[in-house]
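Chemist: My structure file coords_27.cif, mmCIF, C-alpha atoms, is below:
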data_start
loop_
_atom_site.label_atom_id
_atom_site.label_comp_id
_atom_site.auth_asym_id
_atom_site.auth_seq_id
_atom_site.Cartn_x
_atom_site.Cartn_y
_atom_site.Cartn_z
CA MET A 1 12.34 3.29 19.62
CA PRO A 2 8.79 2.15 18.86
CA ILE A 3 7.29 3.23 15.56
CA ASP A 4 4.40 5.65 15.85
CA LEU A 5 1.12 4.46 14.34
CA PRO A 6 -0.77 7.66 13.51
CA ARG A 7 -4.43 7.48 12.49
CA GLU A 8 -4.07 10.35 10.06
CA PRO A 9 -1.37 12.62 8.62
CA ASP A 10 -0.10 15.46 10.80
CA PHE A 11 -2.11 18.22 9.12
CA ALA A 12 -1.30 20.75 11.84
CA LYS A 13 2.46 20.39 11.34
CA ALA A 14 2.02 20.66 7.57
CA GLY A 15 -0.04 23.84 7.72
CA GLY A 16 -3.34 22.15 6.95
CA LEU A 17 -2.53 20.50 3.61
CA VAL A 18 -0.37 17.49 2.77
CA PRO A 19 0.68 16.17 -0.64
CA ALA A 20 -1.16 13.03 -1.71
CA ILE A 21 0.30 10.77 -4.40
CA ALA A 22 -2.04 8.50 -6.37
CA GLN A 23 -0.48 5.29 -7.67
CA ASP A 24 -2.10 2.71 -9.91
CA ALA A 25 -2.68 -0.29 -7.63
CA ASP A 26 -2.30 -2.73 -10.50
CA ASN A 27 0.71 -1.63 -12.54
CA GLY A 28 2.42 0.77 -10.09
CA ASP A 29 2.29 3.84 -12.35
CA VAL A 30 2.37 7.12 -10.45
CA LEU A 31 -0.75 8.85 -11.73
CA MET A 32 -0.86 12.27 -10.07
CA MET A 33 -0.09 14.37 -7.04
CA ALA A 34 -2.68 16.54 -5.34
CA TRP A 35 -3.37 17.91 -1.86
CA MET A 36 -5.49 16.80 1.06
CA ASN A 37 -6.80 18.57 4.11
CA ALA A 38 -8.15 16.67 7.12
CA GLU A 39 -11.66 16.61 5.68
CA ALA A 40 -10.50 15.22 2.32
CA PHE A 41 -8.47 12.53 4.08
CA ALA A 42 -11.37 11.53 6.34
CA GLU A 43 -13.78 11.27 3.41
CA THR A 44 -11.27 9.27 1.35
CA LEU A 45 -10.79 6.84 4.23
CA ALA A 46 -14.52 6.50 4.86
CA THR A 47 -15.67 6.15 1.23
CA ASN A 48 -12.71 4.52 -0.58
CA ARG A 49 -13.00 7.23 -3.23
CA ALA A 50 -10.10 9.65 -3.63
CA VAL A 51 -11.04 13.12 -2.39
CA TYR A 52 -8.54 15.97 -2.54
CA PHE A 53 -8.57 19.63 -1.61
CA SER A 54 -8.39 21.95 -4.61
CA ARG A 55 -6.11 24.85 -3.73
CA SER A 56 -7.27 26.85 -6.76
CA ARG A 57 -10.97 26.37 -6.03
CA GLY A 58 -10.56 26.40 -2.25
CA LYS A 59 -12.83 23.40 -1.67
CA LEU A 60 -13.01 19.62 -1.63
CA TRP A 61 -12.39 17.97 -4.97
CA ARG A 62 -14.03 14.60 -5.34
CA LYS A 63 -11.82 13.24 -8.12
CA GLY A 64 -13.96 12.39 -11.15
CA GLU A 65 -17.04 14.33 -10.03
CA GLU A 66 -17.03 16.18 -13.36
CA SER A 67 -15.14 13.84 -15.72
CA GLY A 68 -16.28 10.49 -14.31
CA HIS A 69 -12.62 9.56 -13.89
CA VAL A 70 -12.98 8.44 -10.30
CA GLN A 71 -10.29 6.74 -8.25
CA THR A 72 -11.30 3.76 -6.14
CA VAL A 73 -8.90 3.56 -3.22
CA VAL A 74 -7.52 0.15 -2.28
CA GLY A 75 -4.81 1.27 0.15
CA ILE A 76 -3.80 4.39 2.10
CA PHE A 77 -0.24 4.86 3.33
CA VAL A 78 1.50 7.63 5.26
CA ASP A 79 5.20 8.43 5.16
CA CYS A 80 7.74 8.49 7.99
CA ASP A 81 7.13 12.17 8.78
CA ALA A 82 3.35 11.71 8.55
CA ASP A 83 3.17 14.61 6.13
CA THR A 84 2.68 12.85 2.79
CA VAL A 85 -0.03 10.39 1.75
CA LEU A 86 0.21 7.60 -0.80
CA LEU A 87 -3.02 6.22 -2.26
CA LYS A 88 -3.10 3.00 -4.21
CA VAL A 89 -6.05 3.37 -6.55
CA ARG A 90 -7.96 1.86 -9.41
CA GLN A 91 -8.31 4.67 -11.92
CA ALA A 92 -11.38 4.99 -14.16
CA GLY A 93 -10.35 6.62 -17.45
CA ALA A 94 -7.56 9.18 -17.32
CA ALA A 95 -6.03 10.57 -14.13
CA CYS A 96 -4.85 13.71 -15.92
CA HIS A 97 -7.09 16.61 -16.94
CA GLU A 98 -5.08 16.70 -20.19
CA GLY A 99 -6.51 13.27 -21.00
CA TYR A 100 -3.36 11.28 -20.28
CA ARG A 101 -3.50 8.20 -18.13
CA SER A 102 -0.85 9.73 -15.82
CA CYS A 103 -0.11 13.41 -15.20
CA PHE A 104 3.59 12.57 -15.54
CA PHE A 105 3.45 12.18 -19.31
CA ARG A 106 6.50 14.33 -20.14
CA GLN A 107 10.08 13.20 -19.68
CA ILE A 108 12.88 15.72 -19.27
CA THR A 109 16.43 14.76 -20.27
CA THR A 110 19.59 16.80 -20.65
CA THR A 111 18.84 17.17 -24.35
CA ASP A 112 15.07 17.61 -24.64
CA THR A 113 11.56 17.14 -23.25
CA GLN A 114 9.30 14.56 -24.83
CA VAL A 115 5.74 13.36 -24.40
CA VAL A 116 6.04 9.73 -23.35
CA GLY A 117 2.62 9.13 -21.80
CA GLU A 118 -0.50 7.59 -23.23
CA ARG A 119 -3.37 9.95 -24.08
CA LEU A 120 -6.62 8.13 -23.45
CA VAL A 121 -9.26 10.78 -23.93
CA ASP A 122 -9.76 14.20 -25.49
CA PRO A 123 -9.87 16.60 -22.56
CA ALA A 124 -12.34 18.80 -24.41
CA GLU A 125 -14.75 15.84 -24.36
CA ALA A 126 -14.12 14.78 -20.79
CA TYR A 127 -14.69 18.24 -19.35
CA ARG A 128 -17.31 19.49 -21.81
CA LYS A 129 -19.81 21.69 -20.06
CA LYS A 130 -23.22 20.15 -19.79
CA PRO A 131 -25.88 22.00 -21.85
CA MET B 1 -3.81 22.75 -28.44
CA PRO B 2 -0.15 21.72 -28.58
CA ILE B 3 1.39 20.26 -25.45
CA ASP B 4 4.01 22.43 -23.81
CA LEU B 5 7.44 20.85 -23.46
CA PRO B 6 9.06 22.64 -20.51
CA ARG B 7 12.75 22.11 -19.79
CA GLU B 8 12.22 22.33 -16.06
CA PRO B 9 9.38 22.62 -13.53
CA ASP B 10 7.78 26.01 -13.07
CA PHE B 11 9.57 26.90 -9.84
CA ALA B 12 8.43 30.52 -9.96
CA LYS B 13 4.74 29.57 -10.01
CA ALA B 14 5.30 27.09 -7.18
CA GLY B 15 7.04 29.61 -4.93
CA GLY B 16 10.51 28.18 -5.47
CA LEU B 17 10.00 24.58 -4.36
CA VAL B 18 8.17 21.70 -6.01
CA PRO B 19 7.38 18.23 -4.64
CA ALA B 20 9.56 15.46 -6.07
CA ILE B 21 8.43 11.85 -5.87
CA ALA B 22 11.04 9.09 -6.02
CA GLN B 23 9.86 5.79 -7.47
CA ASP B 24 11.80 2.54 -7.70
CA ALA B 25 12.57 2.16 -11.42
CA ASP B 26 12.53 -1.62 -11.19
CA ASN B 27 9.52 -2.59 -9.10
CA GLY B 28 7.49 0.66 -9.15
CA ASP B 29 7.42 1.17 -5.37
CA VAL B 30 6.96 4.79 -4.34
CA LEU B 31 9.96 5.35 -2.08
CA MET B 32 9.68 8.92 -0.78
CA MET B 33 8.57 12.48 -1.43
CA ALA B 34 10.88 15.44 -0.94
CA TRP B 35 11.29 18.95 -2.36
CA MET B 36 13.39 20.47 -5.11
CA ASN B 37 14.40 24.01 -5.92
CA ALA B 38 15.81 24.97 -9.31
CA GLU B 39 19.37 24.25 -8.22
CA ALA B 40 18.47 20.77 -6.91
CA PHE B 41 16.65 19.97 -10.14
CA ALA B 42 19.53 21.16 -12.32
CA GLU B 43 22.07 19.13 -10.37
CA THR B 44 19.86 16.03 -10.47
CA LEU B 45 19.49 16.37 -14.24
CA ALA B 46 23.20 16.92 -14.77
CA THR B 47 24.52 14.19 -12.45
CA ASN B 48 21.81 11.50 -12.47
CA ARG B 49 21.96 11.50 -8.68
CA ALA B 50 18.86 12.62 -6.78
CA VAL B 51 19.41 15.99 -5.12
CA TYR B 52 16.66 17.61 -3.07
CA PHE B 53 16.28 20.81 -1.09
CA SER B 54 16.02 20.24 2.64
CA ARG B 55 13.44 22.65 4.01
CA SER B 56 14.54 21.99 7.61
CA ARG B 57 18.23 22.54 6.90
CA GLY B 58 17.66 25.23 4.27
CA LYS B 59 20.18 23.78 1.82
CA LEU B 60 20.72 21.21 -0.93
CA TRP B 61 20.40 17.62 0.21
CA ARG B 62 22.36 15.17 -1.88
CA LYS B 63 20.42 12.04 -1.02
CA GLY B 64 22.73 9.49 0.58
CA GLU B 65 25.57 11.91 1.31
CA GLU B 66 25.51 10.81 4.96
CA SER B 67 23.95 7.33 4.83
CA GLY B 68 25.36 6.13 1.51
CA HIS B 69 21.76 5.43 0.41
CA VAL B 70 22.09 7.26 -2.89
CA GLN B 71 19.50 7.31 -5.65
CA THR B 72 20.71 6.84 -9.21
CA VAL B 73 18.22 8.58 -11.47
CA VAL B 74 17.13 6.76 -14.62
CA GLY B 75 14.23 9.02 -15.63
CA ILE B 76 12.84 12.47 -14.79
CA PHE B 77 9.22 13.35 -15.46
CA VAL B 78 7.15 16.48 -14.89
CA ASP B 79 3.40 16.62 -14.40
CA CYS B 80 0.76 18.45 -16.43
CA ASP B 81 0.97 21.61 -14.33
CA ALA B 82 4.79 21.48 -14.32
CA ASP B 83 4.77 21.77 -10.56
CA THR B 84 5.58 18.22 -9.47
CA VAL B 85 8.55 16.01 -10.41
CA LEU B 86 8.67 12.24 -10.64
CA LEU B 87 12.07 10.55 -10.47
CA LYS B 88 12.55 6.92 -11.43
CA VAL B 89 15.53 5.78 -9.41
CA ARG B 90 17.69 2.87 -8.43
CA GLN B 91 17.88 3.05 -4.64
CA ALA B 92 20.98 1.95 -2.74
CA GLY B 93 19.93 0.64 0.67
CA ALA B 94 16.91 2.23 2.30
CA ALA B 95 15.12 5.33 1.02
CA CYS B 96 13.73 6.12 4.47
CA HIS B 97 15.72 7.62 7.34
CA GLU B 98 13.85 5.16 9.59
CA GLY B 99 15.62 2.33 7.77
CA TYR B 100 12.66 1.18 5.72
CA ARG B 101 12.98 0.60 2.02
CA SER B 102 10.14 3.06 1.40
CA CYS B 103 9.03 5.97 3.56
CA PHE B 104 5.44 4.80 3.04
CA PHE B 105 5.76 1.84 5.40
CA ARG B 106 2.56 2.44 7.39
CA GLN B 107 -0.92 1.65 6.13
CA ILE B 108 -3.96 3.42 7.54
CA THR B 109 -7.35 1.70 7.41
CA THR B 110 -10.67 2.55 9.00
CA THR B 111 -9.83 0.22 11.88
CA ASP B 112 -6.10 0.67 12.54
CA THR B 113 -2.62 1.68 11.37
CA GLN B 114 -0.06 -1.02 10.71
CA VAL B 115 3.58 -1.22 9.70
CA VAL B 116 3.58 -3.00 6.35
CA GLY B 117 6.99 -1.97 4.97
CA GLU B 118 10.29 -3.77 5.00
CA ARG B 119 12.93 -2.46 7.40
CA LEU B 120 16.33 -2.97 5.79
CA VAL B 121 18.72 -1.21 8.13
CA ASP B 122 18.96 0.07 11.68
CA PRO B 123 18.71 3.86 11.36
CA ALA B 124 21.07 4.29 14.33
CA GLU B 125 23.71 2.48 12.26
CA ALA B 126 23.05 4.28 8.98
CA TYR B 127 23.24 7.74 10.49
CA ARG B 128 25.83 7.08 13.20
CA LYS B 129 28.05 10.07 13.62
CA LYS B 130 31.59 9.51 12.46
CA PRO B 131 34.20 9.58 15.28
#
Spit out the file's structure as structure tokens when you get a sec.

Modeler:
Amino acid sequence: MPIDLPREPDFAKAGGLVPAIAQDADNGDVLMMAWMNAEAFAETLATNRAVYFSRSRGKLWRKGEESGHVQTVVGIFVDCDADTVLLKVRQAGAACHEGYRSCFFRQITTTDTQVVGERLVDPAEAYRKKP
Amino acid sequence: MPIDLPREPDFAKAGGLVPAIAQDADNGDVLMMAWMNAEAFAETLATNRAVYFSRSRGKLWRKGEESGHVQTVVGIFVDCDADTVLLKVRQAGAACHEGYRSCFFRQITTTDTQVVGERLVDPAEAYRKKP
């Protein structure tokens, strides 16, 4: 059976939004997971800057537009079901709004939960409201 | 502000299911994305075998129960919003039901879509019905 070569994720099947995983293109760290609609995907593909759809704000979220922590996209991949996106990115600053390099900075074991990630910036500084 | 140290993802906030990303613990490849409910998470934590919740079948999916392509879990991480899980795993065989090592075997560029992943097994063999 030939493999399908879709030009974009199957947004219709997924109800309009698909998960998008951002991975550090250099060291392979998984940095974050967010959501994309068709418009966010198209703009990411066209500009090589990661653009997501913010479910809480109900609009496009150009990653780094407030913090400066932009993601330059070096590769876009789609999974077998065409309902999840993987971005390989070069991350400026911290991916996480908590100031950690990766959003996955806490490890859960059977005995406890520990912070294992690297905090790069003070989130109060990164997201300080402009005067 | 102290960092919260949750013992599990916030399934209630997420509507019962959270995305779970499986990453190769050795080479960092992102292998697949699936979903977990509280029961799947608890069993994964207790057994160190990746267990997901199959939305199509409406039940727990012990990865590899049919194909033998199990995932041994070596680390479990939760993101800043406690609504996405990252598993670092050792993958037996192929993560993808299409026989590829990773589900993200297709790359989309502005000009075309290409298969870039490594196909390890014939999916017709891996999922052949037992006589």

Chemist: Out of A:Gly15, A:Gly58, A:Gly68, A:Gly28, which residue has the shortest atom-to-atom distance to chain B when counting all atoms listed in the file?

Modeler: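 Between A:Gly15, A:Gly58, A:Gly68, A:Gly28, the residue approaching chain B most closely is A:Gly28.
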
Chemist: Please expand the PyMOL selection byres ((chain B) within 6 of (chain A)) into the concrete residues it hits in this file, giving the result as a list in words.

Modeler: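 The output of the PyMOL selection byres ((chain B) within 6 of (chain A)) on this file is Leu5, Gly28, Ile76, Phe77, Val78, Asp79, Cys80, Cys103, Phe104, Arg106, Gln107, Ile108 and Thr113 of chain B.
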
Chemist: To test your reading of the syntax: which residues would the PyMOL selection byres ((chain A and resi 119-122) around 8) return for the file shown? Reply as a list in words.

Modeler: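 What the PyMOL selection byres ((chain A and resi 119-122) around 8) grabs from the file is Gly93, Ala94, Glu98, Gly99, Tyr100, Arg101, Gly117, Glu118, Pro123, Ala124, Glu125 and Ala126 of chain A.
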
Chemist: Expanded to explicit residues, what is the PyMOL selection byres ((chain A and resi 49) around 6) for this file, as a list of chain:residue names?

Modeler: A:Thr44, A:Thr47, A:Asn48, A:Ala50, A:Gln71, A:Thr72, A:Val73

Chemist: Would you work out the distance separating atom CA of A:His69 from atom CA of A:Ala92, expressed in Å to one decimal?

Modeler: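 Between atom CA of A:His69 and atom CA of A:Ala92 the gap works out to 4.7 Å.
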
Chemist: How many Å lie between atom CA of A:Ala95 and atom CA of B:Tyr52, rounded to one decimal?

Modeler: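 Atom CA of A:Ala95 sits 26.2 Å away from atom CA of B:Tyr52.
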
Chemist: Centre and edge lengths, as AutoDock Vina command-line options, for the axis-aligned box enclosing every listed atom of stretch 80-90 of chain B with 8 Å of padding on each of the six sides, in Å to one decimal?

Modeler:
--center_x 9.2 --center_y 12.3 --center_z -12.4 --size_x 32.9 --size_y 34.9 --size_z 24.0

Chemist: Please measure the separation of atom CA of A:Ser56 and atom CA of A:Phe11, giving the value in Å to one decimal.

Modeler: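 Value for the atom CA of A:Ser56-atom CA of A:Phe11 distance: 18.8 Å.
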